[in-house]
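What's in upload20.tsv: TSV, C-alpha atoms and all ligand atoms
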```tsv
chain	number	residue	atom	x	y	z
A	49	MET	CA	0.00	0.00	0.00
A	50	ILE	CA	1.46	3.36	-1.07
A	51	PRO	CA	-0.58	6.31	0.31
A	52	MET	CA	-0.92	9.70	-1.39
A	53	VAL	CA	0.88	11.25	1.62
A	54	ASN	CA	2.76	9.33	4.30
A	55	LEU	CA	1.88	11.27	7.45
A	56	LYS	CA	2.94	8.37	9.69
A	57	ALA	CA	6.54	8.50	8.50
A	58	GLN	CA	6.56	12.26	9.00
A	59	TYR	CA	5.23	11.90	12.55
A	60	ALA	CA	7.90	9.38	13.52
A	61	GLU	CA	10.54	12.11	12.97
A	62	ILE	CA	8.88	14.77	15.11
A	63	LYS	CA	7.11	12.58	17.67
A	64	GLU	CA	9.23	13.47	20.70
A	65	GLU	CA	9.16	17.21	20.10
A	66	VAL	CA	5.42	17.21	19.44
A	67	GLU	CA	4.53	15.05	22.43
A	68	ARG	CA	6.61	17.22	24.73
A	69	GLY	CA	4.95	20.40	23.44
A	70	LEU	CA	1.46	18.97	23.67
A	71	ALA	CA	2.04	17.70	27.20
A	72	GLU	CA	3.30	21.15	28.24
A	73	THR	CA	0.25	22.82	26.76
A	74	ILE	CA	-2.06	20.45	28.60
A	75	GLU	CA	-0.18	21.11	31.85
A	76	ASN	CA	-0.34	24.91	31.34
A	77	CYS	CA	-3.98	24.88	30.22
A	78	SER	CA	-3.12	27.73	27.84
A	79	PHE	CA	-5.43	26.44	25.12
A	80	ILE	CA	-6.59	29.58	23.28
A	81	LEU	CA	-4.13	31.98	21.59
A	82	GLY	CA	-1.39	30.76	23.91
A	83	PRO	CA	2.39	30.99	23.67
A	84	ASN	CA	2.69	28.50	20.79
A	85	VAL	CA	0.29	30.40	18.53
A	86	GLN	CA	2.18	33.61	19.31
A	87	ALA	CA	5.56	32.00	18.68
A	88	PHE	CA	4.33	30.31	15.50
A	89	GLU	CA	3.03	33.63	14.17
A	90	LYS	CA	6.44	35.22	14.74
A	91	GLU	CA	8.30	32.27	13.24
A	92	THR	CA	6.12	32.03	10.11
A	93	ALA	CA	6.22	35.80	9.58
A	94	ALA	CA	10.02	35.60	9.66
A	95	TYR	CA	10.10	32.54	7.39
A	96	LEU	CA	7.69	34.04	4.87
A	97	GLY	CA	9.31	37.47	5.00
A	98	VAL	CA	6.16	39.37	5.94
A	99	LYS	CA	5.40	41.92	8.63
A	100	HIS	CA	2.36	40.08	10.01
A	101	ALA	CA	1.16	36.48	10.19
A	102	ILE	CA	-2.15	35.80	11.95
A	103	GLY	CA	-3.25	32.26	12.78
A	104	VAL	CA	-6.87	31.40	11.98
A	105	ALA	CA	-9.03	28.28	12.05
A	106	SER	CA	-8.62	27.12	8.42
A	107	GLY	CA	-7.46	28.09	4.95
A	108	THR	CA	-11.06	28.80	4.00
A	109	ASP	CA	-11.36	31.24	6.92
A	110	ALA	CA	-8.01	32.79	5.99
A	111	LEU	CA	-9.39	33.61	2.52
A	112	HIS	CA	-12.72	34.77	3.93
A	113	LEU	CA	-11.23	37.06	6.59
A	114	ALA	CA	-8.67	38.44	4.12
A	115	LEU	CA	-11.49	39.42	1.74
A	116	ILE	CA	-13.42	41.17	4.52
A	117	ALA	CA	-10.30	42.97	5.74
A	118	GLU	CA	-9.55	44.16	2.19
A	119	GLY	CA	-13.04	45.61	1.98
A	120	ILE	CA	-14.48	43.20	-0.59
A	121	GLY	CA	-18.26	42.92	-0.19
A	122	ALA	CA	-21.70	42.59	-1.72
A	123	GLY	CA	-21.84	42.91	-5.49
A	124	ASP	CA	-18.07	43.23	-5.95
A	125	GLU	CA	-16.42	41.02	-8.56
A	126	VAL	CA	-13.32	38.97	-7.78
A	127	ILE	CA	-11.39	37.40	-10.66
A	128	THR	CA	-10.09	33.92	-9.99
A	129	THR	CA	-9.60	30.46	-11.51
A	130	ALA	CA	-12.15	27.67	-11.80
A	131	PHE	CA	-9.42	25.04	-11.61
A	132	THR	CA	-8.99	25.01	-7.84
A	133	PHE	CA	-10.55	23.69	-4.66
A	134	ILE	CA	-14.07	25.01	-4.01
A	135	ALA	CA	-12.94	27.05	-0.97
A	136	THR	CA	-11.36	29.70	-3.21
A	137	ALA	CA	-14.78	30.61	-4.63
A	138	GLU	CA	-16.70	29.88	-1.43
A	139	ALA	CA	-14.76	32.58	0.40
A	140	ILE	CA	-15.65	35.09	-2.33
A	141	ALA	CA	-19.32	34.07	-2.09
A	142	TYR	CA	-19.31	34.37	1.74
A	143	VAL	CA	-18.73	38.13	1.50
A	144	GLY	CA	-21.50	38.52	-1.10
A	145	ALA	CA	-19.03	39.07	-3.92
A	146	ILE	CA	-19.13	37.33	-7.31
A	147	PRO	CA	-16.38	34.98	-8.44
A	148	VAL	CA	-15.46	35.73	-12.06
A	149	PHE	CA	-13.70	32.70	-13.49
A	150	VAL	CA	-11.07	32.99	-16.20
A	151	ASP	CA	-9.17	30.26	-18.00
A	152	ILE	CA	-5.83	28.74	-17.03
A	153	ASP	CA	-2.44	28.52	-18.66
A	154	PRO	CA	-2.29	25.19	-20.57
A	155	ARG	CA	1.14	24.34	-19.17
A	156	THR	CA	1.10	25.45	-15.52
A	157	TYR	CA	-2.70	25.19	-14.93
A	158	ASN	CA	-2.45	28.50	-13.05
A	159	ILE	CA	-4.69	31.47	-13.86
A	160	ALA	CA	-3.76	32.89	-17.29
A	161	PRO	CA	-2.82	36.58	-16.81
A	162	GLU	CA	-3.73	37.36	-20.44
A	163	ALA	CA	-7.33	36.26	-19.76
A	164	ILE	CA	-7.78	38.64	-16.82
A	165	GLU	CA	-8.02	42.10	-18.42
A	166	ALA	CA	-10.86	41.04	-20.74
A	167	VAL	CA	-13.21	40.43	-17.80
A	168	ILE	CA	-12.42	43.54	-15.74
A	169	THR	CA	-15.52	45.73	-15.21
A	170	PRO	CA	-16.21	48.74	-12.96
A	171	LYS	CA	-17.35	46.22	-10.33
A	172	THR	CA	-14.05	44.33	-10.27
A	173	LYS	CA	-12.40	44.84	-6.88
A	174	ALA	CA	-9.81	42.09	-6.55
A	175	ILE	CA	-7.87	39.27	-8.15
A	176	MET	CA	-7.41	36.02	-6.26
A	177	PRO	CA	-4.77	33.85	-7.93
A	178	VAL	CA	-4.14	30.33	-6.63
A	179	HIS	CA	-0.58	28.98	-6.59
A	180	LEU	CA	-1.93	25.68	-7.81
A	181	PHE	CA	-0.27	22.41	-6.84
A	182	GLY	CA	2.60	24.43	-5.31
A	183	GLN	CA	3.71	26.36	-8.41
A	184	PRO	CA	3.63	30.15	-8.04
A	185	ALA	CA	1.22	31.92	-10.39
A	186	ASP	CA	2.65	34.54	-12.77
A	187	MET	CA	2.68	37.28	-10.14
A	188	ALA	CA	4.71	39.84	-12.10
A	189	GLU	CA	1.91	40.06	-14.69
A	190	ILE	CA	-0.87	39.90	-12.09
A	191	VAL	CA	0.66	42.63	-9.90
A	192	GLU	CA	0.93	44.88	-12.97
A	193	ILE	CA	-2.76	44.35	-13.81
A	194	CYS	CA	-3.74	45.09	-10.19
A	195	GLN	CA	-1.74	48.31	-10.17
A	196	LYS	CA	-3.09	49.44	-13.53
A	197	HIS	CA	-6.72	48.86	-12.50
A	198	ASN	CA	-6.39	49.61	-8.79
A	199	LEU	CA	-7.43	46.11	-7.66
A	200	LYS	CA	-6.70	44.28	-4.42
A	201	LEU	CA	-4.55	41.19	-4.71
A	202	ILE	CA	-5.30	38.29	-2.38
A	203	GLU	CA	-3.17	35.19	-2.89
A	204	ASP	CA	-4.55	31.71	-2.24
A	205	CYS	CA	-1.37	30.07	-0.94
A	206	CYS	CA	-3.11	27.03	0.53
A	207	GLN	CA	-1.02	24.73	-1.69
A	208	SER	CA	2.19	26.75	-1.80
A	209	PHE	CA	3.79	27.02	1.64
A	210	GLY	CA	7.50	27.62	1.00
A	211	ALA	CA	7.16	28.40	-2.73
A	212	SER	CA	8.96	31.55	-3.75
A	213	ILE	CA	9.45	33.85	-6.70
A	214	LYS	CA	12.98	35.28	-6.95
A	215	GLY	CA	13.44	34.86	-3.21
A	216	GLN	CA	10.06	36.34	-2.30
A	217	GLN	CA	7.58	33.91	-0.77
A	218	THR	CA	4.10	33.48	-2.20
A	219	GLY	CA	1.70	35.36	0.06
A	220	ALA	CA	4.18	38.17	0.58
A	221	ILE	CA	3.55	39.72	-2.84
A	222	GLY	CA	-0.13	40.72	-2.75
A	223	ASP	CA	-2.14	42.72	-0.22
A	224	ALA	CA	-2.75	39.51	1.73
A	225	GLY	CA	-1.96	35.81	1.46
A	226	ALA	CA	-4.00	32.91	2.83
A	227	TYR	CA	-2.53	29.59	3.94
A	228	SER	CA	-4.12	26.30	4.99
A	229	PHE	CA	-2.68	23.81	7.45
A	230	PHE	CA	-5.07	20.97	6.52
A	231	PRO	CA	-3.14	17.79	7.41
A	232	SER	CA	-2.11	16.89	3.84
A	233	LYS	CA	-0.81	20.36	2.87
A	234	ASN	CA	2.94	20.98	2.57
A	235	LEU	CA	2.84	22.35	6.11
A	236	GLY	CA	0.04	20.40	7.76
A	237	ALA	CA	-1.43	20.32	11.27
A	238	PHE	CA	-3.19	17.39	12.97
A	239	GLY	CA	-6.53	18.98	12.22
A	240	ASP	CA	-7.64	22.26	10.67
A	241	GLY	CA	-5.69	25.49	10.77
A	242	GLY	CA	-4.89	28.50	8.61
A	243	LEU	CA	-2.92	31.73	8.40
A	244	VAL	CA	-3.30	35.19	6.89
A	245	VAL	CA	-0.13	37.07	6.04
A	246	THR	CA	0.19	40.73	5.12
A	247	ASN	CA	2.60	43.64	5.21
A	248	SER	CA	-0.21	46.06	6.06
A	249	ASP	CA	-0.63	47.04	9.72
A	250	ASP	CA	-4.24	47.95	9.03
A	251	THR	CA	-5.12	44.60	7.42
A	252	ALA	CA	-3.35	42.72	10.22
A	253	ALA	CA	-5.26	44.62	12.89
A	254	LYS	CA	-8.55	43.85	11.14
A	255	ILE	CA	-7.76	40.13	10.80
A	256	LYS	CA	-6.84	39.94	14.51
A	257	GLN	CA	-10.18	41.46	15.41
A	258	LEU	CA	-12.18	39.37	12.95
A	259	ARG	CA	-10.75	36.04	14.12
A	260	ASN	CA	-11.68	36.83	17.71
A	261	HIS	CA	-15.31	38.02	17.77
A	262	GLY	CA	-14.51	41.51	16.52
A	263	SER	CA	-12.62	42.24	19.70
A	264	ASP	CA	-9.22	43.75	20.59
A	265	ILE	CA	-9.95	44.04	24.30
A	266	ARG	CA	-11.77	41.18	25.93
A	267	TYR	CA	-15.55	41.71	26.07
A	268	TYR	CA	-15.35	44.93	24.04
A	269	HIS	CA	-16.55	44.31	20.47
A	270	ASP	CA	-16.08	46.75	17.59
A	271	VAL	CA	-17.34	44.73	14.61
A	272	ILE	CA	-19.18	41.46	13.99
A	273	GLY	CA	-16.36	38.96	13.98
A	274	TYR	CA	-15.91	35.21	14.04
A	275	ASN	CA	-14.57	32.45	16.21
A	276	SER	CA	-11.66	31.60	13.95
A	277	ARG	CA	-8.47	31.21	15.94
A	278	LEU	CA	-5.57	28.91	15.21
A	279	ASP	CA	-5.68	26.20	17.88
A	280	GLU	CA	-2.81	26.16	20.39
A	281	MET	CA	-2.30	22.37	20.06
A	282	GLN	CA	-2.05	22.71	16.28
A	283	ALA	CA	0.51	25.48	16.71
A	284	VAL	CA	2.75	23.05	18.66
A	285	ILE	CA	2.71	20.64	15.72
A	286	LEU	CA	3.16	23.37	13.14
A	287	ARG	CA	6.21	24.78	14.94
A	288	ALA	CA	7.91	21.39	14.81
A	289	LYS	CA	7.16	21.02	11.09
A	290	LEU	CA	8.04	24.63	10.19
A	291	LYS	CA	11.65	23.95	11.25
A	292	ARG	CA	11.79	21.23	8.61
A	293	ILE	CA	9.69	22.77	5.84
A	294	ASP	CA	12.56	23.43	3.42
A	295	GLN	CA	13.72	19.83	3.79
A	296	TYR	CA	10.13	18.62	3.21
A	297	ASN	CA	9.78	20.77	0.10
A	298	GLN	CA	13.16	19.65	-1.23
A	299	GLY	CA	11.96	16.07	-0.70
A	300	ARG	CA	8.83	16.81	-2.74
A	301	ARG	CA	10.93	18.32	-5.54
A	302	HIS	CA	13.14	15.24	-5.57
A	303	VAL	CA	10.08	12.98	-5.94
A	304	ALA	CA	8.70	15.16	-8.75
A	305	HIS	CA	11.96	15.21	-10.67
A	306	LEU	CA	12.40	11.46	-10.42
A	307	TYR	CA	8.82	10.90	-11.65
A	308	ALA	CA	9.48	13.22	-14.60
A	309	GLU	CA	12.71	11.42	-15.48
A	310	LEU	CA	11.13	7.97	-15.29
A	311	MET	CA	8.07	8.98	-17.31
A	312	ALA	CA	9.94	11.02	-19.93
A	313	ASP	CA	9.42	8.39	-22.64
A	314	LEU	CA	5.75	7.72	-21.79
A	315	PRO	CA	2.79	9.35	-23.60
A	316	VAL	CA	1.73	11.40	-20.56
A	317	ILE	CA	2.12	15.10	-19.80
A	318	THR	CA	4.14	15.58	-16.63
A	319	PRO	CA	4.16	18.89	-14.69
A	320	TYR	CA	5.79	21.87	-16.38
A	321	GLU	CA	7.98	24.14	-14.27
A	322	ASP	CA	7.81	27.65	-15.74
A	323	LYS	CA	10.80	28.64	-13.57
A	324	LEU	CA	9.24	32.02	-12.76
A	325	GLY	CA	9.37	30.78	-9.20
A	326	GLU	CA	10.15	27.61	-7.28
A	327	HIS	CA	7.53	24.85	-7.43
A	328	VAL	CA	6.99	23.04	-4.12
A	329	TYR	CA	4.84	20.22	-5.55
A	330	HIS	CA	1.89	20.08	-3.21
A	331	GLN	CA	0.50	17.68	-5.81
A	332	TYR	CA	2.07	15.82	-8.71
A	333	VAL	CA	-0.52	16.06	-11.47
A	334	VAL	CA	-0.19	14.26	-14.79
A	335	LEU	CA	-2.41	14.36	-17.89
A	336	SER	CA	-3.39	11.32	-19.95
A	337	ASP	CA	-6.25	10.44	-22.28
A	338	ARG	CA	-6.15	7.00	-20.67
A	339	ARG	CA	-6.74	8.28	-17.12
A	340	ASP	CA	-9.42	5.71	-16.21
A	341	GLU	CA	-7.23	2.73	-17.12
A	342	ILE	CA	-4.24	4.17	-15.26
A	343	LEU	CA	-6.27	4.93	-12.11
A	344	LYS	CA	-7.72	1.41	-12.15
A	345	ALA	CA	-4.27	-0.16	-12.44
A	346	LEU	CA	-2.94	2.02	-9.59
A	347	GLN	CA	-5.89	1.07	-7.38
A	348	ASP	CA	-5.46	-2.63	-8.24
A	349	ASN	CA	-1.84	-2.30	-7.05
A	350	GLN	CA	-2.80	-0.52	-3.81
A	351	ILE	CA	-1.26	2.74	-4.96
A	352	GLY	CA	-2.97	5.95	-3.86
A	353	CYS	CA	-4.26	8.24	-6.60
A	354	ALA	CA	-6.80	11.03	-6.92
A	355	ILE	CA	-8.20	13.57	-9.36
A	356	TYR	CA	-7.52	17.26	-8.66
A	357	TYR	CA	-9.95	18.46	-9.92
A	358	PRO	CA	-12.55	16.42	-11.79
A	359	VAL	CA	-15.12	19.24	-12.09
A	360	PRO	CA	-14.08	22.88	-12.61
A	361	LEU	CA	-15.90	25.29	-10.31
A	362	HIS	CA	-18.10	26.88	-13.02
A	363	GLN	CA	-19.48	23.40	-13.74
A	364	GLN	CA	-20.13	22.40	-10.12
A	365	ASN	CA	-23.80	21.94	-9.19
A	366	VAL	CA	-23.62	24.94	-6.87
A	367	PHE	CA	-22.45	27.27	-9.66
A	368	LYS	CA	-23.45	25.72	-12.98
A	369	GLU	CA	-26.73	27.60	-13.49
A	370	ALA	CA	-25.19	30.98	-12.74
A	371	TYR	CA	-22.25	30.23	-15.05
A	372	ALA	CA	-24.13	28.42	-17.82
A	373	ASN	CA	-22.68	30.71	-20.48
A	374	VAL	CA	-19.11	30.64	-19.22
A	375	SER	CA	-16.78	28.52	-21.31
A	376	LEU	CA	-13.22	27.81	-20.16
A	377	PRO	CA	-11.82	25.42	-22.78
A	378	VAL	CA	-8.37	24.84	-21.25
A	379	THR	CA	-9.75	24.31	-17.74
A	380	GLU	CA	-12.41	21.93	-19.03
A	381	SER	CA	-9.97	19.92	-21.09
A	382	VAL	CA	-7.37	19.59	-18.28
A	383	ALA	CA	-10.08	18.50	-15.81
A	384	LYS	CA	-10.97	15.61	-18.12
A	385	THR	CA	-7.47	14.11	-18.28
A	386	CYS	CA	-5.67	15.07	-15.04
A	387	PHE	CA	-4.81	12.77	-12.16
A	388	ALA	CA	-2.49	12.98	-9.16
A	389	LEU	CA	0.14	10.49	-8.02
A	390	PRO	CA	1.44	9.98	-4.47
A	391	ILE	CA	3.87	12.68	-3.42
A	392	CYS	CA	5.40	13.56	-0.07
A	393	PRO	CA	8.91	13.88	1.34
A	394	PHE	CA	8.74	10.31	2.62
A	395	LEU	CA	8.03	8.53	-0.68
A	396	SER	CA	10.99	6.25	-1.47
A	397	ASP	CA	12.72	6.04	-4.86
A	398	GLU	CA	11.78	2.37	-4.88
A	399	ASP	CA	8.08	3.21	-4.55
A	400	ILE	CA	8.37	5.84	-7.29
A	401	HIS	CA	9.87	3.20	-9.60
A	402	LYS	CA	7.03	0.85	-8.71
A	403	ILE	CA	4.34	3.48	-9.39
A	404	VAL	CA	5.85	4.37	-12.77
A	405	SER	CA	6.16	0.71	-13.75
A	406	VAL	CA	2.42	0.24	-13.13
A	407	ILE	CA	1.67	3.25	-15.38
A	408	ARG	CA	4.15	1.96	-17.97
A	409	GLY	CA	2.38	-1.41	-17.89
A	410	VAL	CA	-0.89	0.27	-18.88
A	411	LEU	CA	0.54	2.54	-21.58
A	412	THR	CA	2.79	0.00	-23.29
A	413	ALA	CA	0.47	-3.02	-23.05
B	501	LIG	C1	-6.94	23.39	0.97
B	501	LIG	C2	-7.32	24.56	0.16
B	501	LIG	C3	-8.16	25.57	0.64
B	501	LIG	C4	-8.91	25.48	1.94
B	501	LIG	O1	-8.17	25.19	3.06
B	501	LIG	P1	-8.88	24.55	4.35
B	501	LIG	O2	-7.83	24.68	5.40
B	501	LIG	O3	-9.21	23.13	4.03
B	501	LIG	O4	-10.09	25.35	4.67
B	501	LIG	C5	-8.38	26.69	-0.15
B	501	LIG	N1	-7.83	26.80	-1.36
B	501	LIG	C6	-7.04	25.84	-1.87
B	501	LIG	C7	-6.45	26.04	-3.23
B	501	LIG	C8	-6.77	24.68	-1.16
B	501	LIG	O5	-6.01	23.72	-1.69
```

structure tokens encoding of this file:
Amino acid sequence: MIPMVNLKAQYAEIKEEVERGLAETIENCSFILGPNVQAFEKETAAYLGVKHAIGVASGTDALHLALIAEGIGAGDEVITTAFTFIATAEAIAYVGAIPVFVDIDPRTYNIAPEAIEAVITPKTKAIMPVHLFGQPADMAEIVEICQKHNLKLIEDCCQSFGASIKGQQTGAIGDAGAYSFFPSKNLGAFGDGGLVVTNSDDTAAKIKQLRNHGSDIRYYHDVIGYNSRLDEMQAVILRAKLKRIDQYNQGRRHVAHLYAELMADLPVITPYEDKLGEHVYHQYVVLSDRRDEILKALQDNQIGCAIYYPVPLHQQNVFKEAYANVSLPVTESVAKTCFALPICPFLSDEDIHKIVSVIRGVLTA
């Protein structure tokens, strides 16, 4: 059995440190916004090269609170991609804004900057690119469009912890960046967690209020807020993993490069690195017209596999009526042939060889 992500192997390495930290927290009873959340916020802000990092309850909340803090609201339009996890668009809908989906680049699967300007209207207030599968979106182009049209830029970094563009981390480029610590992400907790990063003092102050019932001083409430704090226990785990994040991401890159080498002669499309930034391979996504046969063979051999994403957002039941006349040919075509292979820092070369030989068996039979 080869899982998509081997969280057990990762835990073995950090077990002592995590158990010690958790035991201390239980002893101290400092469960809400305690010393580990505060330390983690400092440590991630330093790692990501931003002025502020604010822990919240999930990546979805990070996106949601960032939109509120940036003043995005009812009737505003936010340009984003349909080839992403639903949470990207859900967050936009939560604030009463309208997701405007544009097509993706056929090689990176990230939002295509050249498709953005055509859909800008007087109602457009923000762009929300997703650094999909761990590869930074084309931020130079997107920043230029935002400046030209005076739009907010909120980065969905839920899949890109540690990815950088010319030394600058994703999330540190726009007005705000949103991270998820869902267990399978590059930096994952043992439950839900998230983070908003920003260089703006004003945005940071708003996020801190919003995550804690609209309050700066206990029992004094200035706005309607939320209960969306990063959990202290999760912060213990995240601190242990943050120390090792570069090593984890290097491990992911090694896996990806070995896959690419071993599949170079096969009729599949392996991930393209545009080299604008450094890809941290949250997922390893391949395209093939023979996806169903390959997935069946992988399953028969107890090899984990998945489809990210089988249905683009504009075609999801929740959105398909409202977007009936939206056509995104590249997105739709990639969604029909894409599938993801196991990837994590703890996948052995031997297992990678085995996975590729199963795929080879299907394609050369
Ligand atoms: C995981 C993910 C989210 C949501 O994060 P949660 O922590 O699960 O709420 C949002 N956007 C993208 C692109 C994601 O991959």

Let me have all residues with an atom within 6 Å of ligand LIG 501 (chain B), counting only C-alpha atoms and all ligand atoms, laid out as number ranges by chain. A: 106-108, 132-133, 135-136, 178, 204, 206-207, 228-230, 240-242

Tell me which protein, DNA and RNA residues are within 7 Å of Leu199 in chain A, counting all atoms listed in the file, leaving out same-chain ones fewer than 4 positions away, and put them as a list in words. Lys173, Ala174, Ile175, Cys194 and Gln195 of chain A

Using all atoms listed in the file, which residue out of A:Arg287, A:His179, A:Ala137, A:Asn84 lies closest to Ile62 in chain A?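 Smallest distance to Ile62 in chain A is found for A:Arg287.
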
Which neighbours of Ile317 in chain A fall inside 10 Å, counting all atoms listed in the file, when residues of the same chain fewer than 2 positions from it are skipped, and could you give them as a compact mmCIF listing (two decimals) with C-alpha atoms, keeping the file's coordinate frame?
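After the write, around-v1.txt holds the following:
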```txt
# COMPACT_ATOMS: atom_id res chain seq x y z
CA ARG A 155 1.14 24.34 -19.17
CA ALA A 308 9.48 13.22 -14.60
CA MET A 311 8.07 8.98 -17.31
CA ALA A 312 9.94 11.02 -19.93
CA LEU A 314 5.75 7.72 -21.79
CA PRO A 315 2.79 9.35 -23.60
CA PRO A 319 4.16 18.89 -14.69
CA TYR A 320 5.79 21.87 -16.38
CA VAL A 333 -0.52 16.06 -11.47
CA VAL A 334 -0.19 14.26 -14.79
CA LEU A 335 -2.41 14.36 -17.89
CA SER A 336 -3.39 11.32 -19.95
CA ASP A 337 -6.25 10.44 -22.28
CA THR A 385 -7.47 14.11 -18.28
CA CYS A 386 -5.67 15.07 -15.04
```

Please identify all polymer residues lying at most 12 Å from the point (13.9, 20.8, 0.1) (file coordinates), using all atoms listed in the file, and present the result as a PDB file with C-alpha atoms, in the frame of the given file.
```pdb
ATOM      1  CA  PHE A 209       3.790  27.020   1.640  1.00  0.00           C
ATOM      2  CA  GLY A 210       7.500  27.620   1.000  1.00  0.00           C
ATOM      3  CA  ALA A 211       7.160  28.400  -2.730  1.00  0.00           C
ATOM      4  CA  ASN A 234       2.940  20.980   2.570  1.00  0.00           C
ATOM      5  CA  LYS A 291      11.650  23.950  11.250  1.00  0.00           C
ATOM      6  CA  ARG A 292      11.790  21.230   8.610  1.00  0.00           C
ATOM      7  CA  ILE A 293       9.690  22.770   5.840  1.00  0.00           C
ATOM      8  CA  ASP A 294      12.560  23.430   3.420  1.00  0.00           C
ATOM      9  CA  GLN A 295      13.720  19.830   3.790  1.00  0.00           C
ATOM     10  CA  TYR A 296      10.130  18.620   3.210  1.00  0.00           C
ATOM     11  CA  ASN A 297       9.780  20.770   0.100  1.00  0.00           C
ATOM     12  CA  GLN A 298      13.160  19.650  -1.230  1.00  0.00           C
ATOM     13  CA  GLY A 299      11.960  16.070  -0.700  1.00  0.00           C
ATOM     14  CA  ARG A 300       8.830  16.810  -2.740  1.00  0.00           C
ATOM     15  CA  ARG A 301      10.930  18.320  -5.540  1.00  0.00           C
ATOM     16  CA  HIS A 302      13.140  15.240  -5.570  1.00  0.00           C
ATOM     17  CA  VAL A 303      10.080  12.980  -5.940  1.00  0.00           C
ATOM     18  CA  ALA A 304       8.700  15.160  -8.750  1.00  0.00           C
ATOM     19  CA  GLU A 326      10.150  27.610  -7.280  1.00  0.00           C
ATOM     20  CA  HIS A 327       7.530  24.850  -7.430  1.00  0.00           C
ATOM     21  CA  VAL A 328       6.990  23.040  -4.120  1.00  0.00           C
ATOM     22  CA  TYR A 329       4.840  20.220  -5.550  1.00  0.00           C
ATOM     23  CA  CYS A 392       5.400  13.560  -0.070  1.00  0.00           C
ATOM     24  CA  PRO A 393       8.910  13.880   1.340  1.00  0.00           C
ATOM     25  CA  PHE A 394       8.740  10.310   2.620  1.00  0.00           C
TER      26      PHE A 394
END
```

Could you check the closest approach to Pro231 in chain A for each of A:Val406, A:Lys56, A:Leu306, A:Thr379 and tell me which residue wins, using all atoms listed in the file?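 That would be A:Lys56, the residue with the smallest distance to Pro231 in chain A.
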
Answer as a ChimeraX atom specification, residues within 7 Å of (0.6, 21.9, 10.4) using all atoms listed in the file: /A:229-231,235-238,282,285-286,289

Contacts of Ile159 in chain A at 10 Å (only C-alpha atoms; same-chain gap of 5+ positions) as a ChimeraX atom specification: /A:127-132,149-154,164,176-180,185-186,190,379

Counting all atoms listed in the file, which residue out of A:Val316, A:Val382, A:Pro358, A:Lys368 sits closest to Arg408 in chain A?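 Answer, going by the shortest atom-to-atom distance: A:Val316.
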
For Asp124 in chain A, find every residue with an atom within 8 Å (counting all atoms listed in the file), except residues of its own chain fewer than 3 positions away, and show them as number ranges by chain. A: 120-121, 144-146, 171-173

What's the 7 Å shell around range 338-353 of chain A, counting all atoms listed in the file, without same-chain residues fewer than 3 positions away, as a VMD selection string? chain A and resid 49 to 52 385 387 to 390 406 to 407 410

Complete the atoms of range 97-108 of chain A to N, CA and C atoms and put them out as a PDB file, keeping the file's coordinate frame.
```
ATOM      1  N   GLY A  97       8.834  36.128   5.342  1.00  0.00           N
ATOM      2  CA  GLY A  97       9.310  37.470   5.000  1.00  0.00           C
ATOM      3  C   GLY A  97       8.190  38.496   4.932  1.00  0.00           C
ATOM      4  N   VAL A  98       7.266  38.412   5.885  1.00  0.00           N
ATOM      5  CA  VAL A  98       6.160  39.370   5.940  1.00  0.00           C
ATOM      6  C   VAL A  98       6.139  40.045   7.303  1.00  0.00           C
ATOM      7  N   LYS A  99       5.465  41.178   7.365  1.00  0.00           N
ATOM      8  CA  LYS A  99       5.400  41.920   8.630  1.00  0.00           C
ATOM      9  C   LYS A  99       4.460  41.225   9.615  1.00  0.00           C
ATOM     10  N   HIS A 100       3.356  40.683   9.110  1.00  0.00           N
ATOM     11  CA  HIS A 100       2.360  40.080  10.010  1.00  0.00           C
ATOM     12  C   HIS A 100       1.908  38.712   9.528  1.00  0.00           C
ATOM     13  N   ALA A 101       1.773  37.777  10.472  1.00  0.00           N
ATOM     14  CA  ALA A 101       1.160  36.480  10.190  1.00  0.00           C
ATOM     15  C   ALA A 101       0.159  36.235  11.313  1.00  0.00           C
ATOM     16  N   ILE A 102      -1.097  35.952  10.948  1.00  0.00           N
ATOM     17  CA  ILE A 102      -2.150  35.800  11.950  1.00  0.00           C
ATOM     18  C   ILE A 102      -2.786  34.432  11.782  1.00  0.00           C
ATOM     19  N   GLY A 103      -2.704  33.626  12.822  1.00  0.00           N
ATOM     20  CA  GLY A 103      -3.250  32.260  12.780  1.00  0.00           C
ATOM     21  C   GLY A 103      -4.770  32.290  12.849  1.00  0.00           C
ATOM     22  N   VAL A 104      -5.405  31.510  11.989  1.00  0.00           N
ATOM     23  CA  VAL A 104      -6.870  31.400  11.980  1.00  0.00           C
ATOM     24  C   VAL A 104      -7.246  29.919  11.915  1.00  0.00           C
ATOM     25  N   ALA A 105      -8.565  29.653  11.862  1.00  0.00           N
ATOM     26  CA  ALA A 105      -9.030  28.280  12.050  1.00  0.00           C
ATOM     27  C   ALA A 105      -8.876  27.378  10.821  1.00  0.00           C
ATOM     28  N   SER A 106      -8.752  27.948   9.634  1.00  0.00           N
ATOM     29  CA  SER A 106      -8.620  27.120   8.420  1.00  0.00           C
ATOM     30  C   SER A 106      -8.161  28.000   7.262  1.00  0.00           C
ATOM     31  N   GLY A 107      -7.820  27.349   6.162  1.00  0.00           N
ATOM     32  CA  GLY A 107      -7.460  28.090   4.950  1.00  0.00           C
ATOM     33  C   GLY A 107      -8.671  28.818   4.389  1.00  0.00           C
ATOM     34  N   THR A 108      -9.827  28.182   4.482  1.00  0.00           N
ATOM     35  CA  THR A 108     -11.060  28.800   4.000  1.00  0.00           C
ATOM     36  C   THR A 108     -11.325  30.091   4.770  1.00  0.00           C
TER      37      THR A 108
END
```
